[in-house]
Amino acid sequence: MPIPTDAPPPDRTLLRDDVYRRLRDAIVNGTFEPGEQLKDGELAVWLGVSRTPVREALLRLARGGLVVAQPGRSTIVSALEPRAILNARDVVAAMHELAVREAVPDLTEADLDAMREANRRFGEALEAGDVEAAQRADDDFHGVPVWVARNSALVTVLDQFTPVIRRAEHLRFASLDGRASVDRHDELIRLCAARDEVGAAAVAFDTWHSLSPTAE
């Protein structure tokens with residue numbers, strides 16, 4: 001059939017964001033290891049896109065500290081530096097503390113049920129040793145108060161610094177230490193249901209701040 005001439009062009013924003021997410025996830029889950037060189041041409045072929053969204057994604061990843069971009073030379077996956085993890089951890093913990101404090105008054109029973117379901121999946125993924133599924137469930141869990149808070153500035157900060165934390169957590173969730181987060185989640189749900197803004201915000205902060213600044 002002939003290709004329509006009046007079809008709208010592809011949504012470049014969605015393409016750019018998808019390329020960013022796929023590269024980010026490949027770094028977080030260890031597909032691309034620290035020190036590995038990333039070539040935009042090879043990545044473009046792998047993803048089936050042009051070099052432009054790849055280059056934009058690499059610049060965005062550099063701002064978040066996941067890669068080190070050297071103009072005119074190469075882009076390499078950054079090392080898991082304890083200081084960078086600690087700094088990102090402190091920022092992310094503060095943002096989730098703020099999100100929970102702002103969200104608690106507006107959380108519905110459906111929101112709380114969504115958190116319970118996400119924590120159930122989180123615990124099951126940990127028991128199964130499925131680190132990526134655990135991280136997705138953890139994102140879903142903490143994403144509820146972030147969404148309810150409706151704070152776009154907060155979301156922007158989390159989008160930039162959470163991937164640094166996720167790299168370290170990929171190791172943590174594979175260990176017994178990750179299972180302590182299930183209990184923290186349960187406590188957070190209980191305090192949110194009780195409309196205890198201060199207590200819930202403190203637990204949210206501690207949940208993220210408990211991450212070790214080392215990746216060992």
# chains A, B, ... in the order shown; residues from 1 in each chain; ligands from 1
$ select_by_dssp --residues "region 66-212 of chain A" --states "alpha helix (DSSP H)" --output "PyMOL selection string"
chain A and resi 82-103+109-128+131-149+152-172+180-193+197-209
$ residues_around --residues "Asp138 (chain A)" --least-positions-apart "3" --cutoff "12 Å" --atoms "only C-alpha atoms" --output "VMD selection string"
chain A and resid 114 to 126 131 to 135 141 to 144 162 166 169 to 170 173 178 to 179 181 to 182 184 to 185 207 to 208
$ write_last_selection --atoms "N, CA and C atoms" --output "mmCIF file, in the first residue's frame"
data_model
loop_
_atom_site.group_PDB
_atom_site.id
_atom_site.type_symbol
_atom_site.label_atom_id
_atom_site.label_comp_id
_atom_site.auth_asym_id
_atom_site.auth_seq_id
_atom_site.Cartn_x
_atom_site.Cartn_y
_atom_site.Cartn_z
ATOM 1 N N ALA A 114 -1.838 0.273 45.929
ATOM 2 C CA ALA A 114 -0.807 0.185 44.896
ATOM 3 C C ALA A 114 0.570 0.021 45.532
ATOM 4 N N MET A 115 0.811 0.708 46.641
ATOM 5 C CA MET A 115 2.075 0.564 47.343
ATOM 6 C C MET A 115 2.209 -0.836 47.940
ATOM 7 N N ARG A 116 1.118 -1.363 48.493
ATOM 8 C CA ARG A 116 1.147 -2.715 49.065
ATOM 9 C C ARG A 116 1.449 -3.753 47.982
ATOM 10 N N GLU A 117 0.806 -3.597 46.830
ATOM 11 C CA GLU A 117 1.013 -4.535 45.738
ATOM 12 C C GLU A 117 2.446 -4.461 45.219
ATOM 13 N N ALA A 118 2.976 -3.251 45.110
ATOM 14 C CA ALA A 118 4.353 -3.089 44.640
ATOM 15 C C ALA A 118 5.329 -3.714 45.640
ATOM 16 N N ASN A 119 5.061 -3.560 46.934
ATOM 17 C CA ASN A 119 5.958 -4.147 47.933
ATOM 18 C C ASN A 119 5.866 -5.666 47.925
ATOM 19 N N ARG A 120 4.675 -6.191 47.640
ATOM 20 C CA ARG A 120 4.547 -7.645 47.517
ATOM 21 C C ARG A 120 5.416 -8.152 46.366
ATOM 22 N N ARG A 121 5.329 -7.475 45.224
ATOM 23 C CA ARG A 121 6.147 -7.873 44.074
ATOM 24 C C ARG A 121 7.632 -7.693 44.364
ATOM 25 N N PHE A 122 7.950 -6.658 45.115
ATOM 26 C CA PHE A 122 9.329 -6.388 45.491
ATOM 27 C C PHE A 122 9.894 -7.545 46.309
ATOM 28 N N GLY A 123 9.153 -7.963 47.322
ATOM 29 C CA GLY A 123 9.596 -9.067 48.168
ATOM 30 C C GLY A 123 9.737 -10.365 47.392
ATOM 31 N N GLU A 124 8.783 -10.642 46.507
ATOM 32 C CA GLU A 124 8.839 -11.857 45.707
ATOM 33 C C GLU A 124 10.050 -11.849 44.772
ATOM 34 N N ALA A 125 10.334 -10.668 44.196
ATOM 35 C CA ALA A 125 11.476 -10.567 43.293
ATOM 36 C C ALA A 125 12.794 -10.788 44.041
ATOM 37 N N LEU A 126 12.875 -10.268 45.261
ATOM 38 C CA LEU A 126 14.079 -10.484 46.064
ATOM 39 C C LEU A 126 14.261 -11.965 46.376
ATOM 40 N N VAL A 131 16.914 -9.262 40.440
ATOM 41 C CA VAL A 131 17.269 -7.905 40.857
ATOM 42 C C VAL A 131 16.546 -6.848 40.025
ATOM 43 N N GLU A 132 16.458 -7.061 38.726
ATOM 44 C CA GLU A 132 15.816 -6.063 37.874
ATOM 45 C C GLU A 132 14.333 -5.940 38.195
ATOM 46 N N ALA A 133 13.661 -7.056 38.453
ATOM 47 C CA ALA A 133 12.248 -7.013 38.831
ATOM 48 C C ALA A 133 12.088 -6.332 40.190
ATOM 49 N N ALA A 134 13.035 -6.560 41.085
ATOM 50 C CA ALA A 134 12.982 -5.907 42.393
ATOM 51 C C ALA A 134 13.099 -4.400 42.251
ATOM 52 N N GLN A 135 13.995 -3.955 41.373
ATOM 53 C CA GLN A 135 14.149 -2.517 41.180
ATOM 54 C C GLN A 135 12.916 -1.900 40.526
ATOM 55 N N PHE A 141 6.779 1.292 43.854
ATOM 56 C CA PHE A 141 6.401 1.589 45.243
ATOM 57 C C PHE A 141 6.634 3.056 45.571
ATOM 58 N N HIS A 142 7.861 3.519 45.373
ATOM 59 C CA HIS A 142 8.190 4.901 45.718
ATOM 60 C C HIS A 142 7.594 5.896 44.726
ATOM 61 N N GLY A 143 7.246 5.398 43.553
ATOM 62 C CA GLY A 143 6.651 6.282 42.561
ATOM 63 C C GLY A 143 5.260 6.756 42.922
ATOM 64 N N VAL A 144 4.566 6.028 43.795
ATOM 65 C CA VAL A 144 3.206 6.427 44.172
ATOM 66 C C VAL A 144 3.199 7.781 44.881
ATOM 67 N N THR A 162 18.688 9.352 40.637
ATOM 68 C CA THR A 162 18.310 7.997 41.033
ATOM 69 C C THR A 162 19.095 6.912 40.307
ATOM 70 N N ARG A 166 20.714 3.403 41.688
ATOM 71 C CA ARG A 166 20.278 2.098 41.192
ATOM 72 C C ARG A 166 21.467 1.201 40.832
ATOM 73 N N GLU A 169 22.458 -0.236 44.037
ATOM 74 C CA GLU A 169 21.412 -1.119 44.546
ATOM 75 C C GLU A 169 21.336 -2.420 43.760
ATOM 76 N N HIS A 170 21.796 -2.406 42.540
ATOM 77 C CA HIS A 170 21.783 -3.641 41.759
ATOM 78 C C HIS A 170 22.605 -4.712 42.472
ATOM 79 N N PHE A 173 20.524 -5.353 46.219
ATOM 80 C CA PHE A 173 19.324 -6.170 46.177
ATOM 81 C C PHE A 173 19.619 -7.643 45.923
ATOM 82 N N GLY A 178 19.191 -6.330 51.111
ATOM 83 C CA GLY A 178 18.083 -5.744 50.392
ATOM 84 C C GLY A 178 16.737 -6.104 50.984
ATOM 85 N N ARG A 179 16.644 -7.214 51.688
ATOM 86 C CA ARG A 179 15.377 -7.668 52.219
ATOM 87 C C ARG A 179 14.877 -6.801 53.381
ATOM 88 N N SER A 181 14.522 -3.765 53.194
ATOM 89 C CA SER A 181 13.692 -2.729 52.591
ATOM 90 C C SER A 181 12.225 -3.120 52.592
ATOM 91 N N VAL A 182 11.911 -4.404 52.552
ATOM 92 C CA VAL A 182 10.515 -4.842 52.584
ATOM 93 C C VAL A 182 9.856 -4.381 53.873
ATOM 94 N N ARG A 184 10.849 -1.885 55.800
ATOM 95 C CA ARG A 184 10.741 -0.425 55.784
ATOM 96 C C ARG A 184 9.542 0.018 54.947
ATOM 97 N N HIS A 185 9.313 -0.658 53.849
ATOM 98 C CA HIS A 185 8.158 -0.333 53.011
ATOM 99 C C HIS A 185 6.857 -0.533 53.778
ATOM 100 N N THR A 207 14.909 4.948 54.393
ATOM 101 C CA THR A 207 14.907 3.850 53.425
ATOM 102 C C THR A 207 15.958 4.074 52.349
ATOM 103 N N TRP A 208 16.031 5.295 51.855
ATOM 104 C CA TRP A 208 17.017 5.609 50.814
ATOM 105 C C TRP A 208 18.391 5.892 51.404
#
$ residues_around --residues "Gln160 (chain A)" --least-positions-apart "3" --cutoff "10 Å" --atoms "only C-alpha atoms" --output "number ranges by chain"
A: 60-66, 88, 92, 155-157, 163-164
$ closest_residue --among "A:Ile165, A:Leu158, A:Val19, A:Ala44" --to "Ile85 (chain A)" --atoms "only C-alpha atoms"
A:Ile165
$ select_by_dssp --residues "chain A" --states "strand (DSSP E or B)" --output "list in words"
Gln37, Leu38, Val67, Val68, Ala69, Thr75, Ile76 and Val77 of chain A
$ closest_residue --among "A:Asp18, A:Asp183, A:Glu197, A:Glu42" --to "Val104 (chain A)" --atoms "only C-alpha atoms"
A:Glu197
$ closest_residue --among "A:Ala137, A:Leu58, A:Leu112, A:Leu211" --to "Ser78 (chain A)" --atoms "only C-alpha atoms"
A:Leu58
$ closest_residue --among "A:Leu191, A:Pro145, A:Arg136, A:Asp90" --to "Asp206 (chain A)" --atoms "only C-alpha atoms"
A:Asp90
$ atom_distance --atom1 "CA of Arg55 (chain A)" --atom2 "CA of Glu81 (chain A)"
23.8 Å
$ atom_distance --atom1 "CA of Arg89 (chain A)" --atom2 "CA of Arg167 (chain A)"
11.4 Å
$ atom_distance --atom1 "CA of Asn29 (chain A)" --atom2 "CA of Val91 (chain A)"
21.5 Å
$ closest_residue --among "A:Ala168, A:Leu154, A:Met95, A:Cys192" --to "Phe205 (chain A)" --atoms "only C-alpha atoms"
A:Met95
$ closest_residue --among "A:Ala180, A:Ala84, A:Ala200, A:Leu15" --to "Ser50 (chain A)" --atoms "only C-alpha atoms"
A:Leu15
$ residues_around --residues "region 20-23 of chain A" --least-positions-apart "2" --cutoff "9 Å" --atoms "only C-alpha atoms" --output "PyMOL selection string"
chain A and resi 15-18+25-28+32+43+47+53-54+56-58+60-61
